[in-house]
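This report refers to the structure that appears directly beneath it.
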Amino acid sequence: MTRYDPAALEPKWQAEWEAAGVFAARRDDRPKYYVLEMFPYPSGRIHMGHVRNYTMGDVVARYKAACGYSVLHPMGWDAFGMPAENAAMERGGHPRDWTYANIADMRSQMKPLGLSIDWAREFATCDPEYYGQQQAMFLDMLAAGLVYRKAAVVNWDPVDMTVLANEQVIDGKGWRSGAPVERRELTQWFFRISDFAEDLLDSLDRLTHWPEKVRLMQANWIGKSRGLQFAFDTVDAPAGFDRIEVYTTRPDTLLGASFAAISADHPLARALEAADPAVAEFVARCRQGGTSAEEIETAEKIGLDTGIRVRHPLNPDWHLPVWIANFILMDYGTGAIFGCPAHDQRDFDFATKYGLPVTPVFVAEDAEETPLAEAFVPPKSDRVRYVRGFAGDAVQTGDQGVAAAIALAEAQGWGRGVTRFRLRDWGLSRQRYWGCPIPIVHCPACGVVPEKKENLPVELPHDVTFDRPGNPLDRHPTWAATTCPACGGPARRETDTMDTFVDSSWYFARFTAPRASTPTDAAEADYWMNVDQYIGGIEHAILHLLYSRFFARAMHRTGHLPAKAVEPFDALFTQGMVTHEIYLTRDAAGRPVYHLPEDVIRTETGASLKDGTAVEVIPSAKMSKSKKNVVDPMNIIAQFGADTARWFVMSDSPPERDVEWTAAGAEATFKHLSRVWRMADDIARSTAPDAPAEDLALDRATARAIADVTAGIEGFAFNKAIAALYAFANAVQKSSAGAAAKRRAMATMAQLMQPMVPHLAEEVWALLGGQGLVARAPWPKADPALLVQDSVTLPIQINGKKRAEITVPRDMPAAEVEEIALADPDVIRFLGGAVPKKLIVVPGRIINVVA
RNA sequence: GCCCGAGUGGCGGAAUGGUAGACGCAGGGGAUUCAAAAUCCUCCGCCGCAAGGUUUGCGAGUUCGAGUCUCGCCUCGGGCACCA
């Protein structure tokens, strides 16, 4: 070979690795290391986000293998979900065929990347082998009381007669029908995740290798609060509604109450609805629009005075009006609140709109009571002065005020302190075809009956159609017809399938024994769990990661995971997204039509299609297939090779940050890798004699590179590791050391590059006569003696501004350093005869003269 | 609306509270070449001839010293329980 030729050398080394079985995960006497990237959804094409994500994991996997670990680095497919059904609806075909074809395509696109994956463990969540085990666990969890049924609200499209996902609700309307969405109740299956709320919250403290922001987001999501639950006695309420239970986290503001409010789904609202057309009309309005918190909280706040009054618990003669309000959720607390407009902005807005009083309860510690233009909501830890307090001191923190109010209510017997969590149980039922069937049978005689384990998997039928909306399982002529596992009589299968989050909540465990005839294999799980390093997108910070933590606990409780695995991910890294501009034009109806970057000509002022049509440019957003702002890595690989793609996505941007994709850098990366190849080729043939001083300098540069690259990888700062490799390449190139020293340096470079550009590293290693595969070579160690600098350059600041610089021996005593610093001509000039007031010497770092 | 992040040259970014701009891209100049590509050398935050001044989204503060810590804003991004 006379030049760097990735098209030739990359397949060659991939074949060598395959033949040697380098990446097969084995249980042996080495310490194990399990590195896992979130598995991909098989959209059909890999994109740069995948390349970035899996290269990061691969860098870690290869580095840990070099460090002597037995590494497990598997790959699979999160293969159930709505896009397959959407594709079937739009283009015909079948979700199963679409999904497996996509998997085959994506696998064939990923393999050329040279990832150190044990492909023998691959599976897809839509494999009956996988989802059958999931059904078995569902039954175990049902038996253990971890699953139950209750009514829950869904988005209902009244035209398509189907349930909509939140993302299918756009501006309160169904995405296909355009009909206003309604909220409708269905009986659905739930996991009792809220039973674990306390543990899931407390255990966050132990996840010391998780990003602080993720732990904080989860803690806020779980939302532990201490508050007061009490009942208002009602006046003029319908029979059976003598009391309205409310929960509040601010009982200290009770004397600022100006109204009570209940959810439109509150039992009292339902009772009034039946009797009063005006109420019925109002609650119907409340039930319009989607179910998402975002929609509910940003919708216009509306209310209706029911005419019912309640007695204030601290003064029975004080009556508060009861309103029905659209922002009170039946799912939270008791579905009823009292409003204190002075200290809650939402209540303030509501009171202002409907002319309800605003009565301050407390003011800032040193302030006087004045009319409020907005709610006064200081942190609960701040001290405030209570002007309408009823418990505790006049001046106390909000937290103290709350505690005192609870204590008083309990002592007087009209309320009790209650700890609540915001976390709600996990609704897992989906009215869709392409998911794991819930293995339940509905029998007219026996009711809800679990399917027998020997009848698992309950497989999806293949003969379904998607020519009309709704769940094909529900209208399948025969599939649901079965016999009752309990009585043997005719019965009907549950036609709901599971949320795809269930699939992705235990795949990490299945990878430890992917072909086991039980969900997990105890010995394998015991050896491989936990995942030592998990890598995924920040968009999963709450839902996926919290569900997985719950599922691991539920699996432990049902005997499918060891106790040590209840926190399945020891370390978490959340990589940033790869973003790109979005290009769109409008169709005749004004709806957006998206265009791929390769179909768009970008100029400095704007963009157009190849036929000249002007294109709207939306600034960078997460790459998404539906928006078509995706870049095809296969083009980069075809042109420059996988190593260029790998190096490029690791360089420049820190891994945790989003990166805006530009094609400009790929060619520059290729040039650099070509240069490294040429250097290796030259050095391999060099006969330059030893040159002691230069050889030592190069050995020092090598030690520096080992230290910096190692620190970069260990610290998940791959961009810094790459920067160190650039610097090292420059040092080798400029060095006039002898051939032997240069070969040492270059062989080390091959080892240090191996995690990022494994193919080139093998080639360089082979050119230099390295033993075996560099993929199996141990990680180099830096000689500490070579890392120590003899002298150090210290900046001298005068009043915090740098004015001079001195170079002194590394271990010179501070007194001598001071003397030299004060004798420096620039220092003397800038002091202008002034006597220094103070001298700060930070050894090895800086000198600051305060004049 | 609520929760969580991010913001540094033309660009991606670096910087245990201690020389802001490592490393790379783009760009300027030069060498090589008949010429070009490739390669190599070199310069490169901004203002200024220079001395010097100025500079990390904006505004305050703490400190001998702040990109880094605190408070208040602005902008962008992620999540908000049926997108995965």
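Quick note on naming: the chains in the structure tokens go A, B, ... in the order shown, residues restart at 1 in each chain, and ligands are numbered from 1 in order of appearance.
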Can you list every residue in segment 228-316 of chain A that DSSP puts in strand (DSSP E), as a PyMOL selection string? chain A and resi 228-235+243-248+259-262+303-312+315-316
Emit the selected residues as an mmCIF file, in the first residue's frame, including N, CA and C atoms.
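As a result, part09.cif now contains:
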```cif
data_model
loop_
_atom_site.group_PDB
_atom_site.id
_atom_site.type_symbol
_atom_site.label_atom_id
_atom_site.label_comp_id
_atom_site.auth_asym_id
_atom_site.auth_seq_id
_atom_site.Cartn_x
_atom_site.Cartn_y
_atom_site.Cartn_z
ATOM 1 N N LEU A 228 -50.689 19.266 54.242
ATOM 2 C CA LEU A 228 -51.813 19.053 55.148
ATOM 3 C C LEU A 228 -53.010 18.577 54.349
ATOM 4 N N GLN A 229 -53.626 17.513 54.830
ATOM 5 C CA GLN A 229 -54.894 17.094 54.240
ATOM 6 C C GLN A 229 -55.990 17.373 55.254
ATOM 7 N N PHE A 230 -57.043 17.999 54.792
ATOM 8 C CA PHE A 230 -58.169 18.283 55.678
ATOM 9 C C PHE A 230 -59.433 18.352 54.836
ATOM 10 N N ALA A 231 -60.551 18.452 55.491
ATOM 11 C CA ALA A 231 -61.823 18.499 54.765
ATOM 12 C C ALA A 231 -62.525 19.810 55.056
ATOM 13 N N PHE A 232 -63.067 20.391 53.977
ATOM 14 C CA PHE A 232 -63.988 21.507 54.152
ATOM 15 C C PHE A 232 -65.379 20.927 54.404
ATOM 16 N N ASP A 233 -66.100 21.466 55.369
ATOM 17 C CA ASP A 233 -67.526 21.144 55.492
ATOM 18 C C ASP A 233 -68.267 22.007 54.478
ATOM 19 N N THR A 234 -69.215 21.375 53.793
ATOM 20 C CA THR A 234 -69.905 22.110 52.735
ATOM 21 C C THR A 234 -71.219 22.708 53.224
ATOM 22 N N VAL A 235 -71.665 23.695 52.481
ATOM 23 C CA VAL A 235 -72.965 24.329 52.723
ATOM 24 C C VAL A 235 -73.740 24.205 51.422
ATOM 25 N N ARG A 243 -68.544 16.866 52.814
ATOM 26 C CA ARG A 243 -67.153 17.293 53.005
ATOM 27 C C ARG A 243 -66.394 17.240 51.681
ATOM 28 N N ILE A 244 -65.454 18.136 51.531
ATOM 29 C CA ILE A 244 -64.546 18.074 50.376
ATOM 30 C C ILE A 244 -63.125 17.969 50.925
ATOM 31 N N GLU A 245 -62.470 16.857 50.617
ATOM 32 C CA GLU A 245 -61.088 16.657 51.060
ATOM 33 C C GLU A 245 -60.155 17.483 50.187
ATOM 34 N N VAL A 246 -59.270 18.225 50.807
ATOM 35 C CA VAL A 246 -58.252 18.940 50.026
ATOM 36 C C VAL A 246 -56.878 18.638 50.598
ATOM 37 N N TYR A 247 -55.887 18.777 49.731
ATOM 38 C CA TYR A 247 -54.497 18.609 50.152
ATOM 39 C C TYR A 247 -53.768 19.875 49.760
ATOM 40 N N THR A 248 -52.930 20.361 50.661
ATOM 41 C CA THR A 248 -52.168 21.571 50.357
ATOM 42 C C THR A 248 -50.760 21.466 50.915
ATOM 43 N N PHE A 259 -60.947 30.969 47.811
ATOM 44 C CA PHE A 259 -61.908 30.088 47.147
ATOM 45 C C PHE A 259 -61.414 28.647 47.283
ATOM 46 N N ALA A 260 -62.315 27.712 47.023
ATOM 47 C CA ALA A 260 -61.938 26.314 46.881
ATOM 48 C C ALA A 260 -62.171 25.947 45.429
ATOM 49 N N ALA A 261 -61.382 25.015 44.895
ATOM 50 C CA ALA A 261 -61.564 24.628 43.493
ATOM 51 C C ALA A 261 -61.445 23.128 43.374
ATOM 52 N N ILE A 262 -62.292 22.569 42.503
ATOM 53 C CA ILE A 262 -62.263 21.127 42.277
ATOM 54 C C ILE A 262 -62.055 20.853 40.793
ATOM 55 N N GLY A 303 -62.954 28.875 34.993
ATOM 56 C CA GLY A 303 -63.613 28.354 36.180
ATOM 57 C C GLY A 303 -65.110 28.636 36.159
ATOM 58 N N LEU A 304 -65.818 27.906 37.000
ATOM 59 C CA LEU A 304 -67.273 28.096 37.117
ATOM 60 C C LEU A 304 -67.627 28.005 38.593
ATOM 61 N N ASP A 305 -68.305 29.035 39.082
ATOM 62 C CA ASP A 305 -68.743 29.030 40.486
ATOM 63 C C ASP A 305 -69.927 28.076 40.609
ATOM 64 N N THR A 306 -69.798 27.079 41.472
ATOM 65 C CA THR A 306 -70.854 26.067 41.601
ATOM 66 C C THR A 306 -72.016 26.564 42.444
ATOM 67 N N GLY A 307 -71.792 27.670 43.157
ATOM 68 C CA GLY A 307 -72.822 28.133 44.088
ATOM 69 C C GLY A 307 -72.713 27.455 45.441
ATOM 70 N N ILE A 308 -72.001 26.368 45.478
ATOM 71 C CA ILE A 308 -71.788 25.680 46.758
ATOM 72 C C ILE A 308 -70.755 26.470 47.557
ATOM 73 N N ARG A 309 -70.907 26.443 48.880
ATOM 74 C CA ARG A 309 -69.942 27.121 49.744
ATOM 75 C C ARG A 309 -69.346 26.125 50.726
ATOM 76 N N VAL A 310 -68.136 26.414 51.174
ATOM 77 C CA VAL A 310 -67.535 25.573 52.225
ATOM 78 C C VAL A 310 -67.143 26.459 53.398
ATOM 79 N N ARG A 311 -67.104 25.847 54.579
ATOM 80 C CA ARG A 311 -66.728 26.581 55.789
ATOM 81 C C ARG A 311 -65.218 26.541 55.966
ATOM 82 N N HIS A 312 -64.650 27.702 56.273
ATOM 83 C CA HIS A 312 -63.214 27.750 56.545
ATOM 84 C C HIS A 312 -62.922 26.963 57.812
ATOM 85 N N ASN A 315 -62.579 29.080 60.872
ATOM 86 C CA ASN A 315 -63.677 29.988 61.218
ATOM 87 C C ASN A 315 -64.931 29.550 60.485
ATOM 88 N N PRO A 316 -65.800 28.774 61.139
ATOM 89 C CA PRO A 316 -66.978 28.184 60.466
ATOM 90 C C PRO A 316 -67.912 29.232 59.876
#
```
Give me, as a ChimeraX atom specification, the contact residues of chain B against chain A at a cut-off of 7 Å, counting only C-alpha atoms (C1' of nucleotides). /B:1,3-4,12-13,18-19,23-25,64-65,78-80,82-84
As a PyMOL selection string, please: the residues near Ala747 of chain A (cut-off 8 Å, only C-alpha atoms (C1' of nucleotides), same-chain neighbours under 5 positions excluded). chain A and resi 764-765+768+770
What does the file look like for those residues with N, CA and C atoms, as a PDB file, in the first residue's frame?
```
ATOM      1  N   VAL A 764      -1.326   0.728  11.554  1.00  0.00           N
ATOM      2  CA  VAL A 764      -0.089   1.351  12.031  1.00  0.00           C
ATOM      3  C   VAL A 764       0.689   0.353  12.895  1.00  0.00           C
ATOM      4  N   TRP A 765      -0.029  -0.321  13.750  1.00  0.00           N
ATOM      5  CA  TRP A 765       0.577  -1.326  14.645  1.00  0.00           C
ATOM      6  C   TRP A 765       1.280  -2.395  13.808  1.00  0.00           C
ATOM      7  N   LEU A 768       4.475  -1.226  12.065  1.00  0.00           N
ATOM      8  CA  LEU A 768       5.610  -1.086  12.976  1.00  0.00           C
ATOM      9  C   LEU A 768       6.022  -2.420  13.577  1.00  0.00           C
ATOM     10  N   GLY A 770       4.131  -4.581  15.326  1.00  0.00           N
ATOM     11  CA  GLY A 770       3.558  -4.885  16.641  1.00  0.00           C
ATOM     12  C   GLY A 770       3.111  -6.335  16.728  1.00  0.00           C
TER      13      GLY A 770
END
```
Pick out each residue of segment 195-328 of chain A that DSSP on the backbone tags as helix (DSSP H, G or I); I need them as a PyMOL selection string. chain A and resi 195-206+212-222+251-256+267-275+277-286+293-298
Written selection (N, CA and C atoms) as a short mmCIF file (atom, residue, chain, number, x, y, z; two decimals), in the first residue's frame:
```
data_model
loop_
_atom_site.label_atom_id
_atom_site.label_comp_id
_atom_site.auth_asym_id
_atom_site.auth_seq_id
_atom_site.Cartn_x
_atom_site.Cartn_y
_atom_site.Cartn_z
N ASP A 195 -45.48 2.90 44.56
CA ASP A 195 -45.12 2.20 45.80
C ASP A 195 -43.62 2.31 46.10
N PHE A 196 -42.85 2.57 45.06
CA PHE A 196 -41.40 2.61 45.21
C PHE A 196 -40.89 4.05 45.28
N ALA A 197 -41.82 5.01 45.35
CA ALA A 197 -41.42 6.41 45.24
C ALA A 197 -40.33 6.78 46.24
N GLU A 198 -40.55 6.41 47.49
CA GLU A 198 -39.59 6.77 48.54
C GLU A 198 -38.21 6.17 48.23
N ASP A 199 -38.20 4.89 47.87
CA ASP A 199 -36.93 4.21 47.59
C ASP A 199 -36.26 4.79 46.34
N LEU A 200 -37.06 5.04 45.30
CA LEU A 200 -36.49 5.60 44.07
C LEU A 200 -35.89 6.97 44.34
N LEU A 201 -36.50 7.71 45.25
CA LEU A 201 -35.99 9.04 45.60
C LEU A 201 -34.73 8.92 46.47
N ASP A 202 -34.82 8.14 47.54
CA ASP A 202 -33.68 8.04 48.47
C ASP A 202 -32.46 7.47 47.77
N SER A 203 -32.69 6.49 46.88
CA SER A 203 -31.55 5.81 46.25
C SER A 203 -30.79 6.70 45.28
N LEU A 204 -31.40 7.81 44.87
CA LEU A 204 -30.69 8.72 43.96
C LEU A 204 -29.37 9.17 44.56
N ASP A 205 -29.35 9.29 45.88
CA ASP A 205 -28.13 9.74 46.55
C ASP A 205 -26.96 8.78 46.33
N ARG A 206 -27.29 7.52 46.09
CA ARG A 206 -26.22 6.53 45.91
C ARG A 206 -25.70 6.50 44.47
N GLU A 212 -25.54 15.05 38.02
CA GLU A 212 -26.34 15.71 39.04
C GLU A 212 -27.68 16.18 38.47
N LYS A 213 -27.66 16.68 37.23
CA LYS A 213 -28.91 17.22 36.67
C LYS A 213 -29.95 16.13 36.50
N VAL A 214 -29.53 14.91 36.16
CA VAL A 214 -30.48 13.82 35.98
C VAL A 214 -31.09 13.43 37.33
N ARG A 215 -30.25 13.37 38.34
CA ARG A 215 -30.77 13.03 39.68
C ARG A 215 -31.74 14.10 40.16
N LEU A 216 -31.40 15.35 39.87
CA LEU A 216 -32.26 16.45 40.29
C LEU A 216 -33.61 16.39 39.56
N MET A 217 -33.54 16.12 38.25
CA MET A 217 -34.79 16.03 37.48
C MET A 217 -35.66 14.89 37.98
N GLN A 218 -35.02 13.75 38.30
CA GLN A 218 -35.80 12.62 38.80
C GLN A 218 -36.39 12.94 40.18
N ALA A 219 -35.59 13.58 41.01
CA ALA A 219 -36.09 13.94 42.35
C ALA A 219 -37.31 14.86 42.22
N ASN A 220 -37.22 15.83 41.32
CA ASN A 220 -38.35 16.74 41.13
C ASN A 220 -39.56 16.02 40.54
N TRP A 221 -39.27 15.05 39.69
CA TRP A 221 -40.35 14.29 39.06
C TRP A 221 -41.08 13.46 40.12
N ILE A 222 -40.31 12.80 40.97
CA ILE A 222 -40.92 12.01 42.04
C ILE A 222 -41.67 12.93 42.98
N PRO A 251 -50.25 24.93 53.98
CA PRO A 251 -51.30 25.17 54.98
C PRO A 251 -51.07 26.45 55.78
N ASP A 252 -49.84 26.96 55.75
CA ASP A 252 -49.56 28.20 56.48
C ASP A 252 -50.30 29.39 55.85
N THR A 253 -50.80 29.22 54.62
CA THR A 253 -51.48 30.34 53.95
C THR A 253 -53.00 30.21 54.04
N LEU A 254 -53.46 29.39 54.95
CA LEU A 254 -54.90 29.09 55.01
C LEU A 254 -55.75 30.35 55.23
N LEU A 255 -55.22 31.33 55.96
CA LEU A 255 -56.00 32.54 56.20
C LEU A 255 -55.99 33.47 54.99
N GLY A 256 -55.28 33.05 53.93
CA GLY A 256 -55.32 33.81 52.68
C GLY A 256 -56.23 33.14 51.66
N PRO A 267 -65.69 13.89 41.88
CA PRO A 267 -67.04 13.31 42.05
C PRO A 267 -68.13 14.35 42.24
N LEU A 268 -67.82 15.43 42.94
CA LEU A 268 -68.82 16.48 43.13
C LEU A 268 -69.17 17.15 41.80
N ALA A 269 -68.16 17.40 40.98
CA ALA A 269 -68.41 18.01 39.67
C ALA A 269 -69.27 17.08 38.84
N ARG A 270 -69.02 15.79 38.95
CA ARG A 270 -69.82 14.83 38.18
C ARG A 270 -71.27 14.82 38.65
N ALA A 271 -71.43 14.93 39.95
CA ALA A 271 -72.80 14.95 40.49
C ALA A 271 -73.53 16.20 40.00
N LEU A 272 -72.84 17.33 40.02
CA LEU A 272 -73.46 18.58 39.57
C LEU A 272 -73.73 18.54 38.07
N GLU A 273 -72.84 17.92 37.36
CA GLU A 273 -72.95 17.82 35.91
C GLU A 273 -74.26 17.13 35.53
N ALA A 274 -74.58 16.08 36.30
CA ALA A 274 -75.78 15.30 36.00
C ALA A 274 -77.05 16.13 36.22
N ALA A 275 -76.95 17.08 37.14
CA ALA A 275 -78.16 17.80 37.54
C ALA A 275 -78.30 19.15 36.85
N PRO A 277 -77.39 21.61 33.54
CA PRO A 277 -76.86 21.72 32.18
C PRO A 277 -75.71 22.72 32.06
N ALA A 278 -75.75 23.78 32.84
CA ALA A 278 -74.68 24.78 32.77
C ALA A 278 -73.36 24.16 33.22
N VAL A 279 -73.43 23.37 34.28
CA VAL A 279 -72.22 22.69 34.76
C VAL A 279 -71.77 21.67 33.72
N ALA A 280 -72.74 20.94 33.16
CA ALA A 280 -72.40 19.93 32.16
C ALA A 280 -71.67 20.57 30.99
N GLU A 281 -72.16 21.72 30.57
CA GLU A 281 -71.54 22.40 29.44
C GLU A 281 -70.11 22.84 29.80
N PHE A 282 -69.99 23.34 31.04
CA PHE A 282 -68.66 23.81 31.45
C PHE A 282 -67.65 22.67 31.56
N VAL A 283 -68.04 21.57 32.20
CA VAL A 283 -67.06 20.48 32.36
C VAL A 283 -66.74 19.86 31.00
N ALA A 284 -67.70 19.88 30.08
CA ALA A 284 -67.40 19.38 28.74
C ALA A 284 -66.31 20.23 28.11
N ARG A 285 -66.40 21.54 28.34
CA ARG A 285 -65.35 22.45 27.83
C ARG A 285 -64.00 22.12 28.47
N CYS A 286 -64.03 21.84 29.77
CA CYS A 286 -62.80 21.50 30.49
C CYS A 286 -62.18 20.23 29.92
N ALA A 293 -49.64 17.55 30.37
CA ALA A 293 -49.51 18.62 31.36
C ALA A 293 -49.26 19.95 30.67
N GLU A 294 -48.48 19.90 29.60
CA GLU A 294 -48.18 21.14 28.90
C GLU A 294 -49.47 21.79 28.36
N GLU A 295 -50.31 20.97 27.75
CA GLU A 295 -51.55 21.52 27.21
C GLU A 295 -52.44 22.07 28.31
N ILE A 296 -52.53 21.31 29.40
CA ILE A 296 -53.43 21.71 30.47
C ILE A 296 -52.95 22.99 31.14
N GLU A 297 -51.63 23.06 31.34
CA GLU A 297 -51.12 24.22 32.08
C GLU A 297 -51.02 25.47 31.24
N THR A 298 -50.92 25.31 29.92
CA THR A 298 -50.84 26.51 29.10
C THR A 298 -52.21 26.90 28.55
#
```
Select, from A:Arg226, A:Ser686, A:Ala691, A:Pro211, the residue with the minimum atom-to-atom distance to G5 of chain B, counting only C-alpha atoms (C1' of nucleotides). A:Pro211
Work out how far apart atom CA of Ser177 of chain A and atom CA of Thr497 of chain A are and give it in Å to one decimal. 23.6 Å
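With only C-alpha atoms (C1' of nucleotides) as the atoms that count, the residue of B:G77, B:G17, B:G45, B:G10 with the shortest distance to U63 of chain B is B:G17.
In terms of minimum interatomic distance to U68 of chain B, B:U16 ranks closest within B:G27, B:U16, B:C44, B:U39, counting only C-alpha atoms (C1' of nucleotides).
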For Val59 of chain A: contacts at 8 Å, only C-alpha atoms (C1' of nucleotides), fewer than 6 positions along chain excluded, given as a list of chain:residue names: A:Ile713, A:Pro755, A:Met756
Produce a file of the selected residues containing N, CA and C atoms, as a compact mmCIF listing (two decimals), in the first residue's frame.
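Output contents, as saved in result-v7.txt:
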```txt
# COMPACT_ATOMS: atom_id res chain seq x y z
N ILE A 713 -10.26 9.96 28.13
CA ILE A 713 -11.23 8.86 28.03
C ILE A 713 -11.88 8.60 29.38
N PRO A 755 -8.99 3.02 20.43
CA PRO A 755 -10.42 3.13 20.75
C PRO A 755 -11.19 4.00 19.75
N MET A 756 -10.54 5.02 19.21
CA MET A 756 -11.26 5.94 18.31
C MET A 756 -11.22 5.49 16.86
```
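Atom CA of Arg26 of chain A lies 19.7 Å from atom CA of Pro519 of chain A.
Closest approach to C46 of chain B among B:G9, B:C71, B:G59, B:A22: B:G9, based on only C-alpha atoms (C1' of nucleotides).
Residues lying within 12 Å of Trp98 of chain A, counting only C-alpha atoms (C1' of nucleotides) and ignoring same-chain neighbours fewer than 3 positions away, are Pro42, Ser43, Gly44, Ala79, Phe80, Gly81, Met82, Pro83, Ala84, Glu85, Asn86, Ala87, Ala88, Met89, Arg91, Gly92, Gly93, His94, Pro95, Ala101, Asn102, Ile103, Ala104, Asp105, Cys126 and Trp434 of chain A.
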For the selection just defined, write its residues with C-alpha atoms to a file, as a PDB file, in the first residue's frame.
```
ATOM      1  CA  PRO A  42     -34.939   0.766  13.897  1.00  0.00           C
ATOM      2  CA  SER A  43     -36.008   3.701  11.773  1.00  0.00           C
ATOM      3  CA  GLY A  44     -34.213   2.188   8.801  1.00  0.00           C
ATOM      4  CA  ALA A  79     -38.369  -2.451  17.742  1.00  0.00           C
ATOM      5  CA  PHE A  80     -41.984  -1.951  18.806  1.00  0.00           C
ATOM      6  CA  GLY A  81     -43.711   1.380  18.474  1.00  0.00           C
ATOM      7  CA  MET A  82     -45.904   3.677  16.477  1.00  0.00           C
ATOM      8  CA  PRO A  83     -43.700   4.518  13.478  1.00  0.00           C
ATOM      9  CA  ALA A  84     -44.087   0.972  12.121  1.00  0.00           C
ATOM     10  CA  GLU A  85     -47.861   1.308  12.249  1.00  0.00           C
ATOM     11  CA  ASN A  86     -47.725   4.762  10.724  1.00  0.00           C
ATOM     12  CA  ALA A  87     -45.609   3.400   7.891  1.00  0.00           C
ATOM     13  CA  ALA A  88     -48.130   0.634   7.331  1.00  0.00           C
ATOM     14  CA  MET A  89     -50.943   3.171   7.208  1.00  0.00           C
ATOM     15  CA  ARG A  91     -47.402   3.111   2.506  1.00  0.00           C
ATOM     16  CA  GLY A  92     -49.108  -0.212   3.075  1.00  0.00           C
ATOM     17  CA  GLY A  93     -47.068  -3.204   4.067  1.00  0.00           C
ATOM     18  CA  HIS A  94     -46.833  -4.733   7.509  1.00  0.00           C
ATOM     19  CA  PRO A  95     -45.169  -3.374  10.645  1.00  0.00           C
ATOM     20  CA  ALA A 101     -36.183  -4.932   7.010  1.00  0.00           C
ATOM     21  CA  ASN A 102     -35.140  -1.761   8.826  1.00  0.00           C
ATOM     22  CA  ILE A 103     -33.162  -3.780  11.339  1.00  0.00           C
ATOM     23  CA  ALA A 104     -31.340  -5.591   8.543  1.00  0.00           C
ATOM     24  CA  ASP A 105     -30.573  -2.268   6.861  1.00  0.00           C
ATOM     25  CA  CYS A 126     -40.413  -7.523  18.717  1.00  0.00           C
ATOM     26  CA  TRP A 434     -47.309  -3.162  17.249  1.00  0.00           C
TER      27      TRP A 434
END
```
Restricting the calculation to only C-alpha atoms (C1' of nucleotides): of B:G28, B:G61, B:A81, B:U55, which residue gets closest to U8 of chain B? B:U55
